[in-house]
>>> print(open('input01.txt').read())   # compact mmCIF, C-alpha atoms
# COMPACT_ATOMS: atom_id res chain seq x y z
CA MET A 1 105.84 174.24 68.63
CA THR A 2 103.98 171.61 66.63
CA ARG A 3 105.25 168.91 64.35
CA GLU A 4 104.16 168.54 60.80
CA PRO A 5 102.14 165.38 60.23
CA GLN A 6 104.08 162.70 58.34
CA PRO A 7 102.86 161.76 54.91
CA PRO A 8 101.12 158.33 54.70
CA LEU A 9 103.34 155.35 53.78
CA THR A 10 103.29 154.03 50.27
CA ARG A 11 102.46 150.37 49.63
CA ARG A 12 106.12 149.61 48.98
CA GLU A 13 107.14 151.28 52.25
CA ARG A 14 104.50 149.31 54.19
CA ARG A 15 105.67 146.01 52.69
CA THR A 16 109.27 146.87 53.51
CA LEU A 17 108.35 147.49 57.12
CA GLU A 18 106.39 144.25 57.28
CA ARG A 19 109.28 142.19 55.93
CA ARG A 20 111.62 143.85 58.38
CA ASP A 21 109.33 143.31 61.40
CA ARG A 22 108.16 139.78 60.53
CA PRO A 23 111.18 137.91 62.11
CA ILE A 24 110.75 139.98 65.28
CA ARG A 25 107.06 139.14 65.51
CA ASP A 26 107.79 135.49 64.80
CA ARG A 27 110.50 135.43 67.46
CA ALA A 28 108.14 137.13 69.93
CA ARG A 29 105.40 134.65 69.09
CA ALA A 30 107.83 131.78 69.56
CA SER A 31 108.99 133.06 72.95
CA THR A 32 105.42 133.27 74.22
CA ARG A 33 104.45 129.87 72.81
CA ARG A 34 103.85 127.54 75.76
CA PRO A 35 105.38 124.09 75.86
CA PRO A 36 102.87 121.34 75.28
CA SER A 37 101.15 120.69 78.60
CA ARG A 38 101.41 117.21 80.14
CA PRO A 39 98.19 115.40 80.87
CA ALA A 40 97.24 115.64 84.54
CA TRP A 41 97.38 111.88 84.98
CA GLN A 42 101.08 111.89 84.05
CA SER A 43 102.03 114.30 86.81
CA PRO A 44 104.44 112.88 89.41
CA PHE A 45 101.84 113.50 92.11
CA VAL A 46 99.24 111.29 90.46
CA LEU A 47 101.70 108.60 89.43
CA VAL A 48 103.24 108.31 92.87
CA SER A 49 99.82 108.33 94.54
CA ALA A 50 98.60 105.57 92.23
CA ALA A 51 101.72 103.51 92.88
CA ALA A 52 101.32 103.92 96.64
CA LEU A 53 97.69 102.85 96.42
CA VAL A 54 98.58 99.74 94.43
CA VAL A 55 101.35 98.75 96.85
CA ALA A 56 99.18 99.24 99.92
CA VAL A 57 96.24 97.33 98.47
CA ALA A 58 98.55 94.48 97.44
CA ILE A 59 99.91 94.21 100.98
CA ILE A 60 96.39 94.24 102.43
CA VAL A 61 95.15 91.58 100.02
CA LEU A 62 98.15 89.33 100.63
CA ASN A 63 97.60 89.68 104.38
CA GLN A 64 94.06 88.31 104.30
CA LYS A 65 93.65 85.31 106.54
CA PRO A 66 92.42 82.21 104.67
CA ALA A 67 89.13 80.65 105.66
CA PRO A 68 89.50 77.41 107.58
CA THR A 69 89.23 74.22 105.56
CA ASN A 70 87.81 72.18 108.39
CA THR A 71 84.30 73.34 109.00
CA GLY A 72 81.04 71.79 109.91
CA GLY A 73 81.24 68.06 109.49
CA GLU A 74 84.85 67.99 108.31
CA LEU A 75 86.43 68.60 111.68
CA PHE A 76 90.02 67.57 112.31
CA THR A 77 90.15 65.01 115.10
CA PRO A 78 92.50 66.11 117.90
CA PRO A 79 95.21 63.56 118.66
CA ILE A 80 94.36 63.54 122.35
CA THR A 81 91.96 61.35 124.25
CA TYR A 82 90.93 61.49 127.88
CA THR A 83 90.10 58.84 130.38
CA ALA A 84 87.26 59.44 132.78
CA ASP A 85 89.50 59.46 135.82
CA LEU A 86 91.50 62.39 134.51
CA VAL A 87 88.73 64.85 133.77
CA ASP A 88 86.30 66.57 136.05
CA GLY A 89 84.25 69.22 134.32
CA ASP A 90 86.64 71.86 133.09
CA SER A 91 89.67 70.59 135.00
CA MET A 92 92.07 67.93 133.80
CA GLY A 93 94.24 65.96 136.20
CA LEU A 94 94.11 64.53 139.67
CA ALA A 95 92.74 66.67 142.48
CA SER A 96 95.81 65.69 144.50
CA ALA A 97 98.27 67.05 141.92
CA PRO A 98 100.81 69.37 143.60
CA VAL A 99 100.83 71.83 140.71
CA VAL A 100 97.72 73.56 139.42
CA MET A 101 97.88 75.53 136.20
CA GLU A 102 95.02 77.93 135.63
CA VAL A 103 94.58 78.93 132.00
CA TRP A 104 92.36 81.85 131.06
CA SER A 105 91.57 81.59 127.37
CA ASP A 106 89.16 82.74 124.71
CA TYR A 107 88.23 80.19 122.06
CA GLN A 108 88.81 82.70 119.27
CA CYS A 109 92.28 83.53 120.53
CA PRO A 110 94.85 82.14 118.08
CA VAL A 111 97.65 82.02 120.64
CA CYS A 112 95.37 80.01 122.94
CA GLY A 113 95.01 77.54 120.10
CA ARG A 114 98.80 77.35 119.76
CA LEU A 115 99.16 76.69 123.46
CA VAL A 116 96.75 73.79 123.25
CA ARG A 117 98.10 72.30 120.03
CA GLU A 118 101.80 72.77 120.76
CA GLN A 119 102.13 72.24 124.49
CA TYR A 120 99.09 70.45 125.92
CA PRO A 121 99.96 67.03 124.46
CA THR A 122 103.32 67.08 126.25
CA LEU A 123 101.88 68.49 129.45
CA LYS A 124 99.16 65.85 129.51
CA THR A 125 101.51 62.97 128.87
CA GLN A 126 104.37 64.04 131.14
CA PHE A 127 102.57 65.70 134.01
CA VAL A 128 98.79 65.27 134.02
CA GLU A 129 98.80 61.51 133.58
CA THR A 130 101.56 61.15 136.16
CA GLY A 131 99.62 63.05 138.75
CA VAL A 132 101.93 66.06 138.88
CA LEU A 133 99.80 68.66 137.14
CA ARG A 134 96.17 69.63 137.09
CA ILE A 135 95.02 72.06 134.43
CA GLN A 136 92.08 74.26 135.36
CA ALA A 137 90.42 75.92 132.38
CA ARG A 138 89.06 79.43 132.85
CA ASP A 139 87.04 80.17 129.75
CA ILE A 140 86.36 83.84 129.18
CA ALA A 141 84.81 85.67 126.26
CA PHE A 142 86.03 89.13 125.37
CA LEU A 143 87.25 88.84 121.79
CA GLY A 144 83.75 88.48 120.42
CA GLY A 145 80.95 90.98 120.09
CA GLY A 146 78.20 92.19 117.85
CA GLU A 147 74.90 90.53 117.20
CA ARG A 148 76.29 87.04 117.69
CA ASP A 149 79.20 86.90 120.11
CA GLU A 150 81.19 83.94 118.82
CA SER A 151 83.49 83.83 121.83
CA LEU A 152 80.50 83.72 124.12
CA GLU A 153 78.78 81.00 122.12
CA LEU A 154 81.90 78.84 122.06
CA ALA A 155 82.45 79.24 125.79
CA ALA A 156 78.79 78.49 126.44
CA GLY A 157 78.98 75.38 124.30
CA ALA A 158 82.03 74.22 126.22
CA MET A 159 80.31 74.88 129.53
CA CYS A 160 77.28 72.88 128.43
CA ALA A 161 79.62 70.05 127.44
CA ALA A 162 81.30 70.33 130.86
CA ARG A 163 77.96 69.60 132.51
CA GLN A 164 78.13 66.21 130.79
CA ASN A 165 81.83 65.83 131.58
CA ARG A 166 82.66 66.20 127.89
CA TYR A 167 84.39 69.59 128.29
CA TRP A 168 87.89 68.64 127.15
CA SER A 169 86.72 66.90 124.02
CA PHE A 170 84.67 69.96 123.08
CA HIS A 171 87.56 72.24 124.03
CA ASP A 172 90.07 70.36 121.88
CA PHE A 173 87.79 70.06 118.86
CA VAL A 174 87.33 73.81 118.81
CA LEU A 175 90.99 74.70 119.32
CA TRP A 176 92.25 72.12 116.83
CA ASN A 177 89.81 73.52 114.26
CA GLN A 178 90.18 77.21 114.90
CA GLY A 179 88.87 79.71 112.37
CA ARG A 180 89.33 83.42 112.00
CA GLU A 181 88.46 85.95 114.66
CA ASN A 182 84.93 87.36 114.40
CA ALA A 183 84.53 86.21 110.80
CA SER A 184 81.47 83.99 111.37
CA ASP A 185 83.63 80.88 111.14
CA TYR A 186 82.13 79.64 114.43
CA SER A 187 78.60 79.30 113.13
CA ALA A 188 75.81 77.44 114.84
CA SER A 189 76.44 74.49 112.52
CA PHE A 190 80.10 74.49 113.55
CA LEU A 191 79.08 74.38 117.20
CA THR A 192 76.66 71.50 116.69
CA ALA A 193 79.27 69.62 114.66
CA VAL A 194 81.74 70.01 117.52
CA ALA A 195 79.10 68.93 119.99
CA ASN A 196 78.37 65.82 117.95
CA ARG A 197 82.05 64.89 117.68
CA SER A 198 82.58 65.53 121.40
CA GLY A 199 80.08 62.85 122.27
CA VAL A 200 77.63 65.00 124.20
CA ASN A 201 73.98 64.11 124.59
CA ARG A 202 72.54 66.49 122.04
CA THR A 203 69.17 66.82 123.69
CA GLU A 204 70.68 67.96 126.94
CA TRP A 205 73.28 70.07 125.21
CA ASP A 206 70.71 71.79 123.03
CA ALA A 207 68.54 72.51 126.05
CA CYS A 208 71.54 73.94 127.87
CA MET A 209 72.47 76.15 124.93
CA ALA A 210 68.90 77.37 124.60
CA SER A 211 68.95 78.81 128.08
CA ASP A 212 70.71 82.02 129.02
CA ASP A 213 72.10 80.99 132.39
CA VAL A 214 75.20 79.38 130.89
CA ARG A 215 75.96 82.56 128.99
CA SER A 216 75.47 84.56 132.14
CA GLU A 217 77.99 82.32 133.86
CA VAL A 218 80.53 82.95 131.09
CA LYS A 219 79.93 86.69 131.25
CA ALA A 220 80.34 86.67 135.00
CA ALA A 221 83.60 84.73 134.71
CA THR A 222 84.80 87.19 132.11
CA GLN A 223 84.03 90.18 134.28
CA GLN A 224 85.72 88.53 137.21
CA ALA A 225 88.85 87.96 135.15
CA LEU A 226 88.86 91.52 133.86
CA GLY A 227 88.43 92.77 137.41
CA ALA A 228 91.49 90.74 138.40
CA GLY A 229 93.50 92.47 135.68
CA ILE A 230 93.38 89.62 133.19
CA ASN A 231 92.78 91.31 129.83
CA ALA A 232 94.69 89.11 127.42
CA THR A 233 94.60 85.47 126.48
CA PRO A 234 96.09 83.10 127.12
CA THR A 235 96.97 84.04 130.67
CA ILE A 236 98.50 81.40 132.88
CA ALA A 237 99.05 81.16 136.59
CA LEU A 238 100.82 78.35 138.43
CA ASN A 239 99.62 77.52 141.93
CA GLY A 240 97.89 80.87 142.34
CA GLY A 241 100.93 82.89 141.35
CA THR A 242 101.02 86.05 139.27
CA PRO A 243 99.06 85.54 136.04
CA SER A 244 101.25 85.95 132.97
CA PRO A 245 99.80 86.82 129.56
CA GLY A 246 101.12 85.38 126.33
CA LEU A 247 102.41 82.06 125.10
CA PRO A 248 104.84 80.58 127.62
CA ASP A 249 108.12 79.10 126.51
CA ALA A 250 107.50 75.35 126.53
CA ASN A 251 110.79 74.35 128.13
CA THR A 252 110.59 77.07 130.72
CA LEU A 253 107.03 76.12 131.62
CA ILE A 254 108.04 72.49 132.04
CA ALA A 255 110.95 73.51 134.23
CA GLN A 256 108.65 75.64 136.37
CA ILE A 257 106.19 72.79 136.80
CA GLN A 258 108.97 70.41 137.77
CA ALA A 259 110.42 72.91 140.20
CA LEU A 260 107.05 73.50 141.81
CA ALA A 261 106.39 69.82 142.08
CA ALA A 262 109.75 69.26 143.71
CA ALA A 263 109.46 72.20 146.08
CA GLY A 264 105.89 71.61 147.11
CA GLY A 265 104.34 74.42 145.15
CA SER A 266 105.44 78.00 145.76
CA PRO A 267 103.82 80.29 143.16
CA VAL A 268 106.20 81.82 140.60
CA PRO A 269 105.60 84.01 137.54
CA ILE A 270 105.76 82.35 134.15
CA PRO A 271 108.09 83.79 131.51
CA THR A 272 106.44 84.14 128.13
CA THR A 273 107.86 83.79 124.65
CA THR A 274 107.04 84.90 121.15
CA PRO A 275 103.38 84.23 120.34
CA MET B 1 113.78 113.45 89.75
CA LEU B 2 117.45 114.38 90.31
CA ARG B 3 116.73 118.05 89.93
CA ARG B 4 117.01 120.33 92.89
CA ALA B 5 114.11 122.54 93.84
CA GLU B 6 113.96 125.62 95.95
CA VAL B 7 112.81 124.75 99.45
CA ARG B 8 110.50 127.03 101.38
CA PRO B 9 111.18 126.79 105.11
CA ILE B 10 108.37 126.41 107.58
CA LEU B 11 108.77 128.72 110.57
CA GLY B 12 112.36 129.09 109.53
CA ILE B 13 112.98 125.35 109.60
CA HIS B 14 113.73 123.18 106.59
CA PRO B 15 110.67 120.93 106.09
CA GLY B 16 112.93 117.91 105.71
CA LEU B 17 114.04 118.37 109.29
CA ILE B 18 110.40 118.49 110.43
CA LEU B 19 109.68 115.25 108.59
CA ALA B 20 112.79 113.68 110.07
CA VAL B 21 111.68 114.51 113.61
CA LEU B 22 108.27 112.94 112.98
CA ASP B 23 109.96 109.89 111.49
CA VAL B 24 112.10 109.52 114.60
CA ILE B 25 109.00 109.61 116.80
CA GLY B 26 107.36 106.89 114.73
CA LEU B 27 110.57 104.90 114.75
CA GLY B 28 110.70 105.01 118.52
CA ILE B 29 107.15 103.71 118.89
CA ALA B 30 107.69 100.92 116.37
CA LEU B 31 110.99 99.95 118.00
CA TYR B 32 109.35 99.62 121.41
CA LEU B 33 106.58 97.42 120.05
CA SER B 34 109.05 95.30 118.08
CA VAL B 35 111.39 94.74 121.01
CA VAL B 36 108.54 93.81 123.32
CA GLU B 37 106.78 91.46 120.91
CA LEU B 38 109.93 89.77 119.62
CA GLY B 39 110.96 89.29 123.24
CA GLY B 40 107.78 87.36 123.90
CA GLY B 41 105.99 89.95 125.96
CA VAL B 42 103.04 92.20 125.38
CA PRO B 43 103.17 96.00 125.32
CA SER B 44 102.18 97.89 128.40
CA CYS B 45 98.89 99.68 127.93
CA GLY B 46 98.48 101.36 131.27
CA PRO B 47 94.88 102.33 131.99
CA ILE B 48 93.87 102.03 128.32
CA LYS B 49 93.27 98.32 127.71
CA GLY B 50 93.58 96.54 124.40
CA CYS B 51 97.30 96.38 123.66
CA GLU B 52 97.65 92.82 124.83
CA THR B 53 94.65 91.63 122.86
CA VAL B 54 95.88 93.24 119.65
CA ALA B 55 99.44 92.02 120.17
CA LEU B 56 98.26 88.42 120.64
CA SER B 57 95.93 88.53 117.63
CA GLU B 58 96.79 86.80 114.38
CA TYR B 59 96.43 90.13 112.62
CA ALA B 60 99.40 91.56 114.49
CA TRP B 61 101.70 89.26 112.55
CA ILE B 62 102.51 89.12 108.85
CA ASN B 63 104.44 86.08 107.67
CA GLY B 64 105.54 85.34 111.20
CA ILE B 65 106.90 88.86 111.75
CA PRO B 66 105.21 91.42 114.02
CA VAL B 67 103.63 94.27 112.12
CA ALA B 68 105.67 96.60 114.33
CA VAL B 69 108.88 95.36 112.68
CA TYR B 70 107.54 96.46 109.31
CA GLY B 71 106.81 99.80 110.97
CA VAL B 72 110.46 100.05 111.98
CA GLY B 73 111.54 99.41 108.41
CA LEU B 74 109.09 101.95 107.05
CA SER B 75 110.16 104.61 109.54
CA LEU B 76 113.85 104.02 108.79
CA VAL B 77 113.30 104.42 105.06
CA LEU B 78 111.18 107.54 105.56
CA LEU B 79 113.80 108.97 107.89
CA THR B 80 116.47 108.33 105.28
CA PHE B 81 114.43 110.11 102.62
CA ALA B 82 113.71 113.05 104.92
CA VAL B 83 117.33 113.53 105.97
CA ALA B 84 118.58 113.08 102.42
CA TRP B 85 116.11 115.65 101.15
CA TRP B 86 117.09 118.04 103.93
CA ARG B 87 120.72 117.78 102.89
CA THR B 88 120.36 117.71 99.11
CA ASN B 89 117.01 119.33 98.22
CA LEU B 90 116.53 116.70 95.54
CA TYR B 91 112.90 116.87 94.42
CA GLY B 92 112.56 113.12 93.93
CA LEU B 93 113.33 112.41 97.59
CA LEU B 94 110.40 114.52 98.71
CA LEU B 95 108.18 112.71 96.24
CA ALA B 96 109.42 109.34 97.49
CA HIS B 97 108.71 110.30 101.12
CA TYR B 98 105.20 111.35 100.16
CA GLY B 99 104.49 108.15 98.23
CA LEU B 100 105.82 105.81 100.89
CA SER B 101 103.99 107.58 103.70
CA LEU B 102 100.78 107.43 101.63
CA ALA B 103 101.16 103.66 101.26
CA GLY B 104 101.74 103.41 105.01
CA VAL B 105 98.66 105.48 105.77
CA ILE B 106 96.46 103.29 103.58
CA PHE B 107 97.66 100.17 105.35
CA GLU B 108 97.29 101.88 108.72
CA ILE B 109 93.65 102.69 107.95
CA TYR B 110 93.08 99.01 107.16
CA PHE B 111 94.78 97.98 110.40
CA ILE B 112 92.67 100.38 112.43
CA TYR B 113 89.56 98.89 110.81
CA VAL B 114 90.74 95.37 111.75
CA GLN B 115 91.32 96.43 115.34
CA ILE B 116 87.87 98.00 115.68
CA ALA B 117 85.75 95.60 113.61
CA VAL B 118 87.52 92.25 113.96
CA ILE B 119 89.78 92.17 116.99
CA ARG B 120 87.45 94.54 118.87
CA ALA B 121 90.33 96.05 120.76
CA VAL B 122 92.51 99.03 120.07
CA CYS B 123 96.19 99.21 120.86
CA VAL B 124 97.09 102.71 122.01
CA TRP B 125 100.67 102.24 120.82
CA CYS B 126 99.48 101.19 117.39
CA ALA B 127 97.14 104.16 117.31
CA SER B 128 99.98 106.49 118.25
CA TYR B 129 102.16 105.13 115.46
CA GLY B 130 99.28 105.47 113.04
CA LEU B 131 98.75 109.06 114.10
CA SER B 132 102.43 109.86 113.57
CA LEU B 133 102.28 108.23 110.15
CA ILE B 134 99.21 110.21 109.14
CA LEU B 135 100.87 113.37 110.40
CA ARG B 136 103.99 112.63 108.37
CA PHE B 137 101.92 112.03 105.28
CA VAL B 138 99.98 115.28 105.74
CA VAL B 139 103.14 117.30 106.30
CA ALA B 140 104.81 115.70 103.27
CA LEU B 141 101.73 116.43 101.18
CA ILE B 142 101.54 120.05 102.28
CA VAL B 143 105.26 120.53 101.77
CA TRP B 144 105.07 118.93 98.34
CA LEU B 145 102.16 121.10 97.28
CA ARG B 146 103.90 124.27 98.51
CA GLN B 147 107.24 123.46 96.93
CA PRO B 148 108.05 125.20 93.65
CA LYS B 149 108.63 122.51 91.08
CA PRO B 150 112.08 122.20 89.45
CA ALA B 151 112.42 124.36 86.31
CA GLU B 152 112.22 122.58 82.96
CA ASP B 153 115.38 122.36 80.88
CA PRO B 154 115.57 125.06 78.17
CA ALA B 155 114.61 123.92 74.63
>>> encode(input="input01.txt", output="structure tokens")
Amino acid sequence: MTREPQPPLTRRERRTLERRDRPIRDRARASTRRPPSRPAWQSPFVLVSAAALVVAVAIIVLNQKPAPTNTGGELFTPPITYTADLVDGDSMGLASAPVVMEVWSDYQCPVCGRLVREQYPTLKTQFVETGVLRIQARDIAFLGGGERDESLELAAGAMCAARQNRYWSFHDFVLWNQGRENASDYSASFLTAVANRSGVNRTEWDACMASDDVRSEVKAATQQALGAGINATPTIALNGGTPSPGLPDANTLIAQIQALAAAGGSPVPIPTTTP
Amino acid sequence: MLRRAEVRPILGIHPGLILAVLDVIGLGIALYLSVVELGGGVPSCGPIKGCETVALSEYAWINGIPVAVYGVGLSLVLLTFAVAWWRTNLYGLLLAHYGLSLAGVIFEIYFIYVQIAVIRAVCVWCASYGLSLILRFVVALIVWLRQPKPAEDPA
């Protein structure tokens, strides 16, 4: 059974249909219209990532260590002087002192600098000059590296000064004018400025620094310390006792020295405090 | 940011719980370092040397406070965000965890550079914390990318 074809619509009928269907088409078009898209840079992901980047960079920038102000010829003069009878190469104090404090240190080590600036003046006045304490420096170089090992150069310079019995002056000038670790603050000009202020004979000192044997000695001392388990500076041992890394508590260290002096020198470990 | 979003579990576990576990691991490492350094000691490195050197370096301290203490604070905040998101499914908490862990990762990359290039020693504890932080950031990023975003309010 077939249907009869419908007669074509008149113009009026077509317009009627269009007016009837127009709201439906408009509503359909409206429902499929997409909301205006947000630019990609306004997405939470991008905004949060950008904020995190800004915060992190700000923390990093604020944490940069400032360059030292005393460089080259503007060295700060340490407030310590030494008489000839108290120093012998890299040891300070009488050979007959009942207490010997060995100090392994690296010249770039900031805590080593604190030990020297904060505690050595008292130790020298109260114990070294009174014949109770002898401080034996053990310079090692393991913080440096690269093409110019600044730790090695500083230790070598100190060793060359020690050969002229000017070690402690050189030692103090470096540690009272410390710069940043491995940031080229300990340039050759810095070393020569320290040498000049330490009172060394420059000709002899320069000749010493030009040779490699002094650096070999420092490297050997460093390897020996590492082999003995000393891998941090400063490390301190009293009368051959257990070496203790870190900055010792000043009052505790003094009490230990006094106790050792009174008891005739049994080795004890040294408690450390906040660097 | 206060809208809730559907959360897709990972291996049947709510991702917030996974982030919380990683945050606890990082918190533990940072706590150990903080307690040791504030107590005046140096962390134990075992056979892998370098911890003492890094701990005694000037770069291990910011404004007189060990960097590890800042790590404790960061881990606590991240843990709070992770647990809160686990319990509430609020979309903004996930975003906050991602952003904060990203900031931590950027700083951690800088600190690793300082250890290698300046201090010339690497602290295994610091490296472990950094690894946990990077892992937390990656998980948060993956979770955030996989999460369906909250539906827009009807016009």
>>> residues_around(input="input01.txt", residues="A:Val111", least_positions_apart="4", cutoff="12 Å", atoms="only C-alpha atoms", output="VMD selection string")
(chain A and resid 104 to 107 115 to 119 175 to 176 178 181 232 to 235 245 to 248 272 to 275) or (chain B and resid 40 52 to 61)
>>> residues_around(input="input01.txt", residues="A:Val174", least_positions_apart="4", cutoff="9 Å", atoms="all atoms listed in the file", output="MDAnalysis selection string")
chainID A and resid 75 107 113 154 169:170 178:179 186 190:191 194
>>> residues_near_point(input="input01.txt", point="(78.4, 67.8, 134.8)", cutoff="12 Å", atoms="all atoms listed in the file", output="list in words")
Val87, Asp88, Gly89, Asp90, Ser91, Ala158, Met159, Cys160, Ala161, Ala162, Arg163, Gln164, Asn165, Arg166, Tyr167, Val200, Asn201, Glu204, Trp205 and Cys208 of chain A
>>> interface_residues(input="input01.txt", of="chain B", to="chain A", cutoff="9 Å", atoms="only C-alpha atoms", output="NGL selection string")
:B and (37-42 or 49-59 or 62-63 or 95-96 or 98-107 or 110-111 or 117-121 or 144)
>>> closest_residue(input="input01.txt", among="A:Asn239, A:Thr83, A:Phe76, A:Asn251", to="A:Arg134", atoms="all atoms listed in the file")
A:Asn239
>>> residues_around(input="input01.txt", residues="A:Ala259", least_positions_apart="2", cutoff="12 Å", atoms="all atoms listed in the file", output="list in words")
Pro98, Val99, Val132, Leu133, Leu238, Asn239, Thr252, Leu253, Ile254, Ala255, Gln256, Ile257, Ala261, Ala262, Ala263, Gly264, Gly265, Ser266, Pro267 and Val268 of chain A
>>> residues_around(input="input01.txt", residues="B:Ile142", least_positions_apart="3", cutoff="12 Å", atoms="only C-alpha atoms", output="PDB file with C-alpha atoms, in the coordinates of the input")
ATOM      1  CA  ARG B   8     110.500 127.030 101.380  1.00  0.00           C
ATOM      2  CA  ILE B  10     108.370 126.410 107.580  1.00  0.00           C
ATOM      3  CA  PRO B  15     110.670 120.930 106.090  1.00  0.00           C
ATOM      4  CA  LEU B  19     109.680 115.250 108.590  1.00  0.00           C
ATOM      5  CA  LEU B  94     110.400 114.520  98.710  1.00  0.00           C
ATOM      6  CA  LEU B  95     108.180 112.710  96.240  1.00  0.00           C
ATOM      7  CA  TYR B  98     105.200 111.350 100.160  1.00  0.00           C
ATOM      8  CA  LEU B 135     100.870 113.370 110.400  1.00  0.00           C
ATOM      9  CA  ARG B 136     103.990 112.630 108.370  1.00  0.00           C
ATOM     10  CA  PHE B 137     101.920 112.030 105.280  1.00  0.00           C
ATOM     11  CA  VAL B 138      99.980 115.280 105.740  1.00  0.00           C
ATOM     12  CA  VAL B 139     103.140 117.300 106.300  1.00  0.00           C
ATOM     13  CA  LEU B 145     102.160 121.100  97.280  1.00  0.00           C
ATOM     14  CA  ARG B 146     103.900 124.270  98.510  1.00  0.00           C
ATOM     15  CA  GLN B 147     107.240 123.460  96.930  1.00  0.00           C
ATOM     16  CA  PRO B 148     108.050 125.200  93.650  1.00  0.00           C
TER      17      PRO B 148
END
>>> atom_distance(input="input01.txt", atom1="atom CA of A:Gly241", atom2="atom CA of A:Thr125")
23.5 Å
>>> residues_near_point(input="input01.txt", point="(104.8, 100.6, 116.8)", cutoff="10 Å", atoms="only C-alpha atoms", output="list of chain:residue names")
B:Ile25, B:Gly26, B:Leu27, B:Gly28, B:Ile29, B:Ala30, B:Leu31, B:Tyr32, B:Leu33, B:Ser34, B:Val35, B:Pro43, B:Pro66, B:Val67, B:Ala68, B:Val69, B:Tyr70, B:Gly71, B:Val72, B:Ser75, B:Cys123, B:Val124, B:Trp125, B:Cys126, B:Ala127, B:Ser128, B:Tyr129, B:Gly130
>>> atom_distance(input="input01.txt", atom1="atom CA of A:Asp212", atom2="atom CA of A:Val103")
24.3 Å
>>> atom_distance(input="input01.txt", atom1="atom CA of A:Ala97", atom2="atom CA of A:Gly131")
5.3 Å
>>> closest_residue(input="input01.txt", among="B:Asn89, B:Thr80, B:Ser44, B:Gln115", to="B:Val7", atoms="only C-alpha atoms")
B:Asn89
>>> closest_residue(input="input01.txt", among="A:Gly93, A:Gly240, A:Pro7, A:Pro78", to="A:Ser198", atoms="all atoms listed in the file")
A:Pro78
